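S.K.: This is entry-v8.cif (mmCIF, C-alpha atoms and all ligand atoms).
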```
data_protein
#
loop_
_atom_site.label_atom_id
_atom_site.label_comp_id
_atom_site.auth_asym_id
_atom_site.auth_seq_id
_atom_site.Cartn_x
_atom_site.Cartn_y
_atom_site.Cartn_z
CA MET A 11 78.07 104.21 117.00
CA ASN A 12 81.06 102.04 116.02
CA THR A 13 80.19 98.41 115.41
CA ILE A 14 81.87 95.04 115.03
CA ILE A 15 80.10 92.43 112.92
CA ALA A 16 81.20 89.00 114.13
CA GLY A 17 80.30 85.57 112.79
CA LEU A 18 78.99 83.33 115.57
CA GLN A 19 79.23 79.95 113.86
CA TRP A 20 81.70 78.42 111.37
CA GLY A 21 81.61 81.29 108.88
CA ASP A 22 79.10 81.79 106.07
CA GLU A 23 76.53 83.27 108.46
CA GLY A 24 75.55 85.99 105.98
CA LYS A 25 77.75 88.68 107.52
CA GLY A 26 78.24 90.39 104.15
CA LYS A 27 74.53 91.12 103.94
CA ILE A 28 74.38 92.59 107.45
CA VAL A 29 77.54 94.61 106.82
CA ASP A 30 76.03 95.89 103.60
CA TYR A 31 72.86 96.86 105.47
CA LEU A 32 74.76 98.70 108.23
CA THR A 33 77.13 100.32 105.76
CA SER A 34 74.42 102.79 104.78
CA SER A 35 75.01 104.57 108.09
CA ALA A 36 78.80 104.00 108.24
CA ASP A 37 81.65 106.17 107.00
CA VAL A 38 84.43 103.58 107.13
CA VAL A 39 84.27 99.78 106.67
CA ILE A 40 87.24 97.78 107.97
CA ARG A 41 88.48 94.23 107.42
CA SER A 42 90.81 93.34 110.28
CA GLN A 43 91.66 89.63 109.93
CA GLY A 44 91.68 86.66 107.57
CA GLY A 45 92.37 86.88 103.87
CA ASN A 46 90.73 85.80 100.64
CA ASN A 47 89.60 82.58 102.33
CA ALA A 48 86.48 84.63 103.10
CA GLY A 49 83.66 84.86 100.59
CA HIS A 50 81.01 87.47 101.17
CA THR A 51 78.03 87.48 98.87
CA VAL A 52 76.06 90.71 98.56
CA ILE A 53 73.03 90.99 96.29
CA THR A 54 71.91 94.52 95.47
CA ASN A 55 69.12 95.37 93.06
CA GLY A 56 69.36 91.86 91.65
CA THR A 57 73.13 92.01 90.99
CA LYS A 58 75.30 89.51 92.82
CA TYR A 59 78.76 90.54 94.04
CA ILE A 60 81.19 88.09 95.59
CA LEU A 61 83.86 89.73 97.73
CA HIS A 62 86.87 87.98 99.23
CA LEU A 63 89.29 90.64 100.48
CA LEU A 64 87.50 93.85 99.61
CA PRO A 65 85.29 95.20 102.43
CA SER A 66 81.61 95.23 101.48
CA GLY A 67 81.52 99.04 101.61
CA ILE A 68 83.32 99.01 98.26
CA LEU A 69 79.88 98.63 96.64
CA TRP A 70 78.99 102.15 97.84
CA ASP A 71 80.39 105.27 96.19
CA ASP A 72 80.95 107.32 99.32
CA LYS A 73 82.48 104.88 101.82
CA VAL A 74 86.10 104.45 102.82
CA ASN A 75 87.17 100.80 102.96
CA VAL A 76 90.19 99.67 104.96
CA ILE A 77 92.12 96.42 104.70
CA GLY A 78 93.76 96.50 108.12
CA ASN A 79 97.11 95.34 109.46
CA GLY A 80 95.65 92.04 110.72
CA VAL A 81 94.64 90.87 107.24
CA VAL A 82 96.86 88.66 105.06
CA ILE A 83 96.78 89.92 101.47
CA ASP A 84 97.31 87.83 98.37
CA PRO A 85 98.28 90.62 95.95
CA VAL A 86 97.57 88.51 92.86
CA GLY A 87 94.17 87.46 94.20
CA LEU A 88 93.29 90.99 95.31
CA VAL A 89 94.10 92.48 91.90
CA ALA A 90 91.96 89.80 90.21
CA GLU A 91 89.13 90.63 92.63
CA ILE A 92 89.46 94.36 91.93
CA GLN A 93 89.35 93.70 88.19
CA ARG A 94 86.29 91.49 88.54
CA ILE A 95 84.39 94.00 90.64
CA GLU A 96 85.40 96.85 88.30
CA SER A 97 84.05 94.84 85.37
CA GLN A 98 80.71 94.84 87.26
CA GLY A 99 80.79 98.64 87.23
CA VAL A 100 82.15 99.27 90.75
CA ALA A 101 85.06 101.73 90.89
CA VAL A 102 87.99 100.82 93.18
CA THR A 103 89.85 104.09 93.66
CA PRO A 104 92.58 105.04 96.17
CA ALA A 105 89.98 107.24 97.89
CA LYS A 106 87.68 104.25 98.42
CA LEU A 107 90.20 101.53 99.29
CA LEU A 108 93.04 101.88 101.80
CA ILE A 109 95.50 99.05 102.41
CA SER A 110 97.53 98.86 105.62
CA ASP A 111 101.29 99.12 105.21
CA ARG A 112 101.59 96.63 108.09
CA ALA A 113 99.44 93.87 106.53
CA HIS A 114 101.23 90.64 105.63
CA ILE A 115 101.52 89.20 102.15
CA VAL A 116 100.31 85.79 100.96
CA LEU A 117 102.75 84.53 98.34
CA PRO A 118 101.97 81.93 95.66
CA ILE A 119 104.19 79.48 97.59
CA HIS A 120 101.91 79.79 100.63
CA LYS A 121 99.02 78.34 98.67
CA GLU A 122 101.04 75.29 97.64
CA LEU A 123 102.41 74.90 101.18
CA ASP A 124 98.79 74.94 102.36
CA ALA A 125 98.04 72.10 99.92
CA ALA A 126 101.16 70.20 100.98
CA ARG A 127 100.18 70.39 104.63
CA GLU A 128 96.72 69.10 103.87
CA ILE A 129 98.19 66.14 101.96
CA GLY A 130 100.52 65.47 104.87
CA LEU A 131 97.60 65.41 107.32
CA GLY A 132 95.82 62.76 105.24
CA GLU A 133 92.48 61.84 106.79
CA HIS A 134 93.09 64.42 109.56
CA LYS A 135 93.21 67.29 107.07
CA ILE A 136 91.65 70.62 108.10
CA GLY A 137 89.78 71.10 104.82
CA THR A 138 91.28 74.55 104.27
CA THR A 139 90.31 76.85 101.42
CA LYS A 140 93.89 76.39 100.08
CA ARG A 141 94.35 80.15 99.88
CA GLY A 142 97.65 79.98 101.77
CA ILE A 143 96.19 81.58 104.90
CA GLY A 144 97.76 79.26 107.50
CA PRO A 145 101.27 79.36 106.00
CA ALA A 146 101.14 83.17 105.60
CA TYR A 147 100.10 83.69 109.24
CA ALA A 148 102.72 81.11 110.26
CA ASP A 149 105.41 83.24 108.57
CA LYS A 150 104.03 86.32 110.33
CA ILE A 151 104.23 84.68 113.76
CA ASN A 152 107.54 83.06 112.86
CA ARG A 153 108.87 86.56 112.04
CA CYS A 154 109.83 85.73 108.47
CA GLY A 155 106.76 87.19 106.72
CA LEU A 156 106.69 89.91 104.09
CA ARG A 157 104.70 93.05 104.83
CA VAL A 158 103.16 95.55 102.45
CA ALA A 159 105.58 98.23 103.67
CA ASP A 160 108.53 96.06 102.63
CA PHE A 161 107.71 96.77 98.99
CA HIS A 162 109.40 100.17 99.16
CA ASP A 163 112.62 98.11 99.15
CA SER A 164 112.45 95.81 96.15
CA ALA A 165 115.89 94.31 96.83
CA PHE A 166 114.72 93.17 100.27
CA VAL A 167 111.51 91.71 98.85
CA THR A 168 113.42 89.87 96.11
CA GLU A 169 115.87 88.44 98.63
CA ARG A 170 113.08 87.37 101.01
CA ILE A 171 110.99 85.76 98.26
CA THR A 172 114.04 83.96 96.86
CA ARG A 173 114.86 82.51 100.27
CA ARG A 174 111.27 81.48 101.03
CA VAL A 175 110.88 79.91 97.55
CA ALA A 176 113.98 77.76 98.11
CA GLU A 177 112.67 76.63 101.51
CA ALA A 178 109.19 75.96 100.13
CA ASN A 179 110.50 74.01 97.13
CA GLU A 180 112.16 71.48 99.44
CA ILE A 181 108.82 70.79 101.11
CA LEU A 182 106.83 70.79 97.86
CA ALA A 183 109.22 68.35 96.18
CA ARG A 184 108.65 65.94 99.06
CA TYR A 185 104.93 65.93 98.24
CA GLU A 186 105.57 65.85 94.48
CA LEU A 187 103.80 69.21 94.16
CA PRO A 188 104.89 71.80 91.57
CA THR A 189 107.89 73.84 92.66
CA PHE A 190 108.50 77.54 91.98
CA GLU A 191 111.05 79.72 90.17
CA ALA A 192 111.93 82.67 92.40
CA ASP A 193 112.17 85.02 89.41
CA ALA A 194 108.68 84.12 88.21
CA VAL A 195 107.23 84.54 91.71
CA CYS A 196 108.89 87.96 92.08
CA ALA A 197 107.63 89.09 88.67
CA GLU A 198 104.06 88.01 89.45
CA VAL A 199 104.00 89.57 92.90
CA PHE A 200 105.68 92.85 91.90
CA THR A 201 103.32 93.27 88.93
CA ALA A 202 100.27 92.78 91.13
CA PHE A 203 101.68 95.07 93.80
CA GLU A 204 101.97 97.97 91.37
CA ARG A 205 98.16 97.99 91.01
CA LEU A 206 97.84 98.10 94.81
CA ARG A 207 100.58 100.63 95.61
CA PRO A 208 98.37 103.77 95.31
CA HIS A 209 96.09 102.33 98.00
CA VAL A 210 98.82 101.69 100.60
CA THR A 211 98.93 103.93 103.65
CA ASN A 212 99.23 104.03 107.42
CA THR A 213 95.65 102.93 108.03
CA ILE A 214 96.12 103.12 111.81
CA ALA A 215 96.58 106.90 111.58
CA VAL A 216 93.61 107.17 109.20
CA LEU A 217 91.35 105.16 111.51
CA HIS A 218 92.32 107.15 114.60
CA ALA A 219 91.63 110.40 112.74
CA ALA A 220 88.22 109.04 111.67
CA TRP A 221 87.48 107.98 115.26
CA LYS A 222 88.47 111.37 116.65
CA ALA A 223 86.32 113.06 113.96
CA LYS A 224 83.37 110.94 115.24
CA GLN A 225 82.93 109.16 111.95
CA THR A 226 81.02 105.87 112.09
CA LEU A 227 83.25 102.81 111.88
CA LEU A 228 82.08 99.34 110.90
CA PHE A 229 84.29 96.28 111.36
CA GLU A 230 83.48 93.49 108.96
CA GLY A 231 84.41 90.15 110.52
CA ALA A 232 85.44 87.24 108.33
CA GLN A 233 84.90 83.55 109.14
CA GLY A 234 83.22 82.79 112.47
CA THR A 235 83.81 82.27 116.19
CA LEU A 236 84.12 78.48 115.94
CA LEU A 237 86.93 79.00 113.40
CA ASP A 238 88.83 81.37 115.72
CA VAL A 239 92.35 80.07 116.38
CA ASP A 240 91.81 80.49 120.16
CA PHE A 241 88.07 79.92 120.67
CA GLY A 242 87.20 77.61 117.79
CA THR A 243 87.15 73.85 117.35
CA TYR A 244 90.97 73.67 117.29
CA PRO A 245 92.76 72.40 115.22
CA PHE A 246 89.85 72.62 112.75
CA VAL A 247 90.01 76.40 112.67
CA THR A 248 91.45 79.17 110.58
CA SER A 249 94.67 80.96 111.57
CA SER A 250 93.34 84.31 112.81
CA ASN A 251 91.25 85.71 115.65
CA THR A 252 87.85 85.92 114.04
CA THR A 253 86.22 87.20 117.25
CA ALA A 254 85.66 90.77 118.43
CA GLY A 255 89.14 91.16 119.92
CA GLY A 256 90.63 90.60 116.46
CA ALA A 257 89.00 93.82 115.31
CA CYS A 258 91.28 95.79 117.65
CA THR A 259 94.54 93.92 117.05
CA GLY A 260 93.83 93.85 113.34
CA SER A 261 93.14 97.56 112.96
CA GLY A 262 95.05 99.42 115.67
CA LEU A 263 91.88 100.87 117.20
CA PRO A 264 91.47 100.32 120.96
CA PRO A 265 88.47 98.51 122.57
CA MET A 266 86.94 101.78 123.83
CA ALA A 267 86.51 102.92 120.22
CA ILE A 268 83.77 100.29 119.80
CA GLN A 269 80.27 100.46 121.28
CA ARG A 270 78.35 97.66 119.62
CA VAL A 271 78.95 94.03 118.60
CA ILE A 272 76.44 92.47 116.22
CA GLY A 273 76.74 88.69 116.20
CA VAL A 274 75.55 87.08 112.97
CA CYS A 275 74.21 83.54 112.87
CA LYS A 276 71.99 81.53 110.58
CA ALA A 277 68.66 80.24 111.79
CA TYR A 278 70.34 76.83 111.52
CA THR A 279 74.03 75.78 111.44
CA THR A 280 76.42 75.12 108.55
CA ARG A 281 80.04 74.12 108.27
CA VAL A 282 82.52 73.52 105.45
CA GLY A 283 85.83 71.74 105.85
CA SER A 284 86.55 69.08 108.46
CA GLY A 285 85.98 69.05 112.20
CA PRO A 286 83.28 68.55 114.80
CA PHE A 287 79.67 69.39 114.00
CA PRO A 288 77.37 67.82 116.61
CA THR A 289 74.03 68.98 115.17
CA VAL A 290 74.71 68.05 111.52
CA ASP A 291 71.61 66.55 109.93
CA GLU A 292 71.54 64.74 106.62
CA GLY A 293 67.86 65.44 106.00
CA LEU A 294 68.28 69.18 106.53
CA SER A 295 71.45 69.20 104.38
CA ASP A 296 69.69 67.43 101.51
CA TYR A 297 66.69 69.72 101.85
CA LEU A 298 68.74 72.96 101.75
CA HIS A 299 71.00 71.74 98.93
CA GLY A 300 67.85 70.79 97.03
CA LEU A 301 66.78 74.42 97.30
CA GLY A 302 70.15 75.39 95.75
CA ARG A 303 71.29 76.81 99.09
CA GLU A 304 74.48 76.31 101.08
CA PHE A 305 77.20 76.04 98.47
CA GLY A 306 80.43 77.90 99.38
CA ALA A 307 81.05 81.34 97.79
CA THR A 308 84.84 80.80 97.73
CA THR A 309 85.17 77.12 96.83
CA GLY A 310 81.68 76.07 95.65
CA ARG A 311 81.80 73.19 98.16
CA PRO A 312 78.43 72.04 99.53
CA ARG A 313 78.24 73.01 103.20
CA GLY A 314 77.17 70.50 105.82
CA CYS A 315 73.90 71.67 107.42
CA GLY A 316 72.45 71.03 110.85
CA TRP A 317 70.12 72.30 113.53
CA LEU A 318 70.62 75.51 115.43
CA ASP A 319 73.24 74.91 118.13
CA THR A 320 72.88 77.24 121.10
CA VAL A 321 75.80 75.62 122.95
CA LEU A 322 78.03 77.19 120.32
CA LEU A 323 76.03 80.41 120.09
CA ARG A 324 75.96 80.97 123.85
CA PHE A 325 79.76 80.69 123.93
CA ALA A 326 80.09 82.89 120.84
CA CYS A 327 77.92 85.59 122.43
CA MET A 328 80.16 85.49 125.51
CA VAL A 329 83.55 85.75 123.84
CA ASN A 330 82.43 88.42 121.38
CA GLY A 331 80.40 90.44 123.89
CA VAL A 332 77.45 90.38 121.49
CA THR A 333 75.03 93.26 122.09
CA GLY A 334 72.58 92.23 119.35
CA LEU A 335 71.98 89.14 117.20
CA ALA A 336 71.44 89.17 113.45
CA VAL A 337 69.71 85.93 112.48
CA THR A 338 69.95 85.26 108.75
CA ASN A 339 68.45 82.68 106.39
CA VAL A 340 65.25 82.38 108.41
CA ASP A 341 63.53 81.75 105.06
CA GLY A 342 65.65 78.59 104.62
CA LEU A 343 63.40 76.92 107.21
CA ASP A 344 60.13 78.21 105.74
CA ALA A 345 58.80 74.82 104.66
CA TYR A 346 59.90 72.69 107.62
CA GLU A 347 57.26 71.06 109.79
CA THR A 348 59.18 70.75 113.06
CA LEU A 349 62.43 72.47 114.01
CA GLN A 350 65.05 71.37 116.52
CA ILE A 351 67.17 73.62 118.71
CA CYS A 352 70.18 72.12 120.49
CA THR A 353 70.32 73.37 124.08
CA GLY A 354 73.18 71.25 125.45
CA TYR A 355 75.49 68.29 124.78
CA GLN A 356 75.55 65.06 126.73
CA ILE A 357 79.21 64.05 126.99
CA GLY A 358 79.96 60.92 129.02
CA GLY A 359 76.74 61.32 131.00
CA VAL A 360 77.40 65.00 131.83
CA LEU A 361 75.33 67.85 130.40
CA HIS A 362 77.48 70.60 128.83
CA THR A 363 76.07 74.03 127.98
CA LEU A 364 79.41 75.36 126.69
CA PRO A 365 81.68 73.76 124.06
CA PRO A 366 84.36 71.40 125.40
CA ALA A 367 88.09 72.04 124.88
CA GLU A 368 89.11 68.39 124.62
CA ARG A 369 89.32 67.10 121.06
CA ASP A 370 87.91 63.65 121.84
CA ALA A 371 84.92 65.09 123.76
CA TRP A 372 83.47 66.34 120.48
CA ASP A 373 83.21 62.79 119.11
CA GLN A 374 81.12 61.79 122.12
CA ALA A 375 78.89 64.89 122.20
CA VAL A 376 75.21 63.93 121.84
CA PRO A 377 73.03 67.00 121.24
CA VAL A 378 70.05 67.58 123.53
CA TYR A 379 67.20 68.96 121.44
CA GLU A 380 64.08 70.93 122.05
CA SER A 381 61.41 70.81 119.29
CA LEU A 382 59.55 73.87 118.07
CA PRO A 383 56.77 74.03 115.47
CA GLY A 384 57.74 75.34 112.03
CA TRP A 385 55.86 78.26 110.43
CA LYS A 386 55.33 76.57 107.05
CA SER A 387 54.84 79.80 105.19
CA ASP A 388 56.88 82.06 102.92
CA THR A 389 58.73 84.74 104.92
CA THR A 390 60.65 86.22 101.97
CA GLY A 391 58.12 89.00 101.45
CA CYS A 392 58.13 90.14 105.10
CA THR A 393 59.33 93.72 105.44
CA ARG A 394 58.87 94.16 109.20
CA TYR A 395 59.59 91.89 112.16
CA ALA A 396 55.89 92.00 113.05
CA ASP A 397 55.08 90.48 109.62
CA LEU A 398 56.87 87.24 110.55
CA PRO A 399 54.58 84.32 111.41
CA ALA A 400 54.04 83.83 115.16
CA GLU A 401 55.98 80.52 115.11
CA ALA A 402 58.99 82.24 113.53
CA GLN A 403 58.89 84.98 116.15
CA ALA A 404 58.67 82.30 118.89
CA TYR A 405 61.65 80.45 117.39
CA LEU A 406 63.72 83.65 117.34
CA ALA A 407 62.67 84.58 120.87
CA ARG A 408 63.77 81.16 122.15
CA LEU A 409 67.07 81.49 120.29
CA ALA A 410 67.70 84.87 121.94
CA GLU A 411 66.76 83.54 125.37
CA LEU A 412 69.11 80.55 125.08
CA CYS A 413 72.00 82.73 123.82
CA GLY A 414 71.55 85.58 126.27
CA ALA A 415 71.47 88.34 123.63
CA PRO A 416 68.56 90.22 122.02
CA ILE A 417 67.60 89.92 118.34
CA ALA A 418 68.61 93.05 116.41
CA PHE A 419 68.15 91.95 112.77
CA VAL A 420 66.44 89.15 110.88
CA GLY A 421 67.29 88.07 107.32
CA VAL A 422 64.58 86.54 105.13
CA GLY A 423 66.38 86.54 101.77
CA PRO A 424 69.53 87.64 100.01
CA ASP A 425 68.43 91.11 98.88
CA ARG A 426 69.20 94.32 100.76
CA ALA A 427 65.47 94.86 101.25
CA GLN A 428 65.11 91.47 102.98
CA THR A 429 66.93 92.49 106.17
CA LEU A 430 64.48 93.45 108.93
CA ALA A 431 65.57 95.64 111.84
CA VAL A 432 63.93 94.69 115.14
P1 LIG B 501 91.70 78.30 105.97
O1 LIG B 501 91.16 79.55 106.59
O2 LIG B 501 91.68 78.32 104.47
O3 LIG B 501 93.04 77.93 106.53
O4 LIG B 501 90.71 77.10 106.38
C1 LIG B 501 90.57 76.66 107.73
C2 LIG B 501 89.13 76.31 108.02
O5 LIG B 501 88.36 77.49 107.98
C3 LIG B 501 88.48 75.36 107.02
O6 LIG B 501 87.54 74.55 107.72
C4 LIG B 501 87.75 76.27 106.07
O7 LIG B 501 86.66 75.65 105.43
C5 LIG B 501 87.29 77.33 107.06
N1 LIG B 501 87.03 78.63 106.45
C6 LIG B 501 87.92 79.59 106.11
N2 LIG B 501 87.31 80.67 105.61
C7 LIG B 501 86.00 80.42 105.66
C8 LIG B 501 84.83 81.18 105.32
O8 LIG B 501 84.89 82.33 104.88
N3 LIG B 501 83.63 80.55 105.51
C9 LIG B 501 83.54 79.31 106.03
N4 LIG B 501 84.59 78.58 106.37
C10 LIG B 501 85.81 79.12 106.19
#
```
If you convert what's in this file into structure tokens, what do you get?

M.R.:
Amino acid sequence: MNTIIAGLQWGDEGKGKIVDYLTSSADVVIRSQGGNNAGHTVITNGTKYILHLLPSGILWDDKVNVIGNGVVIDPVGLVAEIQRIESQGVAVTPAKLLISDRAHIVLPIHKELDAAREIGLGEHKIGTTKRGIGPAYADKINRCGLRVADFHDSAFVTERITRRVAEANEILARYELPTFEADAVCAEVFTAFERLRPHVTNTIAVLHAAWKAKQTLLFEGAQGTLLDVDFGTYPFVTSSNTTAGGACTGSGLPPMAIQRVIGVCKAYTTRVGSGPFPTVDEGLSDYLHGLGREFGATTGRPRGCGWLDTVLLRFACMVNGVTGLAVTNVDGLDAYETLQICTGYQIGGVLHTLPPAERDAWDQAVPVYESLPGWKSDTTGCTRYADLPAEAQAYLARLAELCGAPIAFVGVGPDRAQTLAV
């Protein structure tokens, strides 16, 4: 069965852990959108791995990992990530990692342009990861991006970088940000690319061959539905389609190649960066931060935390076509007395059960809550769904009912062994 793993909230749902779990029965793991703005934490046998661009299947010896055409690749960042993961004893060979020749490149200038744009937005800033994701996708859509395949023609790449550096420098100077020397940028990017070159191939052909050979394909989503450029809380979103459809456009596999969509959400809600967050709760944020939880894997920023929001999850299940829910971080709520679940928003006296499109409606959204008793016991040692306390099972059942999708997995801790199949 071929599966998409999609984030249902604002990213950081614990997708890496679910991908890692499902990878045991997969042959190929595919990243199809986003870039190194993602941060997937996988803990195996007590060792912690943080992955940004590498698919989680890289931690296994016998899996093929694909960085698809829909991903934007920072070659310098990817080489650093490969070196880091190799220093932890994980081999990154051309047999294990395939990079699409159609993927777009994030240049060092894109990162500074990202920063410049944030400065320009002032108090309306998006709160990006400053990895250059927006500017790189903008170049792609604007038809002036660089693709991996362009590197067979170094004169073309040099010319394109030189032109983009000159254009970027004008903008950066305006914001008194450091400007770039085209020669230095070319040298840095070409050097990094040489490490990646053996991995480059037509991944579309590889994926179709794997599909025809009935291999098991696993799509590893990055970010979450509410950060999707179409379905998210625009403009406070990332620049790619983080939802199930992005798996097809970002890999070249058609929809009928996929049978299952696992939607991953936390047992509560978190968000980093700016933008609407109706169920944010200071008490819950302080509590989870006090436990050392909810600090970003990519930026280290503390995430805002709030109650489970089924307005968002219901919508996310719809647009992704979720066939099963993976609810992670259930153990984060272990000690709480009473839990809240948001079932709707009151906006101007009208009850909404789906997220609004209007920007100003978010400011007026008042969550409607339903209270459920907490389980007040340690779930981290549970190894089967039936081991979970009755209150935890009731909480999960209500979540599933409100979202319209069944529970498929439950996470009660960061280790591989702490993922329970239902
Ligand atoms: P960008 O993707 O760096 O352009 O950032 C746009 C928005 O997406 C910001 O709110 C970021 O915090 C958020 N974002 C991007 N990647 C992730 C992620 O992997 N987890 C959570 N939030 C993310």

S.K.: Excluding region 287-300 of chain A and its own-chain neighbours fewer than 3 positions away, which residues fall within 7 Å of it when counting all atoms listed in the file? Please give them as a PyMOL selection string.

M.R.: chain A and resi 303-304+314-317+319+375-377

S.K.: CA of Gly144 (chain A) to CA of Leu182 (chain A): how many Å, to one decimal?

M.R.: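 Distance reported for this atom pair: 15.7 Å.
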
S.K.: Counting all atoms listed in the file, which residues sit no farther than 10 Å from the position (81.4, 82.5, 106.8) in the file's frame? I'd like them as a ChimeraX atom specification.

M.R.: /A:16-26,47-51,231-235,237,274-275,280-282,306-308

S.K.: Neighbouring residues of Ile351 (chain A) were defined as those with any atom within 8 Å, considering all atoms listed in the file; residues of the same chain fewer than 5 positions away were excluded. Please report them as a VMD selection string.

M.R.: chain A and resid 317 to 320 379 to 382

S.K.: Tell me which protein, DNA and RNA residues are within 7 Å of region 219-228 of chain A, counting all atoms listed in the file, leaving out same-chain ones fewer than 2 positions away, and put them as a ChimeraX atom specification.

M.R.: /A:11-14,36-40,215-217,230

S.K.: Which is closest to Arg127 (chain A) among A:Arg184, A:Arg313, A:His162, A:Lys73, if we use all atoms listed in the file?

M.R.: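 Looking only at the distances to Arg127 (chain A), the closest residue turns out to be A:Arg184.
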
S.K.: Starting from the point (107.1, 78.1, 102.6), work out which residues of protein, DNA or RNA have an atom no more than 6 Å away when counting only C-alpha atoms; state them as a list in words.

M.R.: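 Every polymer residue passing the test: Ile119, His120, Leu123, Arg174, Glu177 and Ala178 of chain A.
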
S.K.: Could you turn the residues from that selection into a file that holds C-alpha atoms, as an mmCIF file, keeping the file's coordinate frame?

M.R.:
```
data_model
loop_
_atom_site.group_PDB
_atom_site.id
_atom_site.type_symbol
_atom_site.label_atom_id
_atom_site.label_comp_id
_atom_site.auth_asym_id
_atom_site.auth_seq_id
_atom_site.Cartn_x
_atom_site.Cartn_y
_atom_site.Cartn_z
ATOM 1 C CA ILE A 119 104.190 79.480 97.590
ATOM 2 C CA HIS A 120 101.910 79.790 100.630
ATOM 3 C CA LEU A 123 102.410 74.900 101.180
ATOM 4 C CA ARG A 174 111.270 81.480 101.030
ATOM 5 C CA GLU A 177 112.670 76.630 101.510
ATOM 6 C CA ALA A 178 109.190 75.960 100.130
#
```

S.K.: With a cut-off of 12 Å, could you pull out the residues of region 23-136 of chain A touching region 240-245 of chain A and give me the nearest pair of atoms for each, distance in Å to one decimal, using all atoms listed in the file, ordered by chain and ascending number, as JSON lines?

M.R.:
```
{"residue": "A:Leu131", "atom": "CA", "partner": "A:Pro245", "partner_atom": "CA", "distance": 11.6}
{"residue": "A:His134", "atom": "CA", "partner": "A:Pro245", "partner_atom": "CA", "distance": 9.8}
{"residue": "A:Lys135", "atom": "CA", "partner": "A:Pro245", "partner_atom": "CA", "distance": 9.6}
{"residue": "A:Ile136", "atom": "CA", "partner": "A:Pro245", "partner_atom": "CA", "distance": 7.4}
```

S.K.: Could you state the separation of CA of Asp344 (chain A) and CA of Ala427 (chain A) in Å, given to one decimal place?

M.R.: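 Atom-to-atom, CA of Asp344 (chain A) to CA of Ala427 (chain A), that is 18.1 Å.
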
S.K.: Using all atoms listed in the file for the distances, tell me which of A:Thr333, A:Ser66, A:Thr348, A:Thr138 is nearest to ligand LIG 501 (chain B).

M.R.: A:Thr138

S.K.: Would you compute the distance between CA of Asp111 (chain A) and CA of Asp160 (chain A)? Give it in Å to one decimal.

M.R.: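 Computing the Euclidean distance for CA of Asp111 (chain A) and CA of Asp160 (chain A) yields 8.3 Å.
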
S.K.: With all atoms listed in the file as the atoms that count, which of A:Asp72, A:Asp193, A:Glu198, A:Glu91 lies nearest to Leu117 (chain A)?

M.R.: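 Comparing A:Asp72, A:Asp193, A:Glu198, A:Glu91 against Leu117 (chain A), the winner is A:Glu198.
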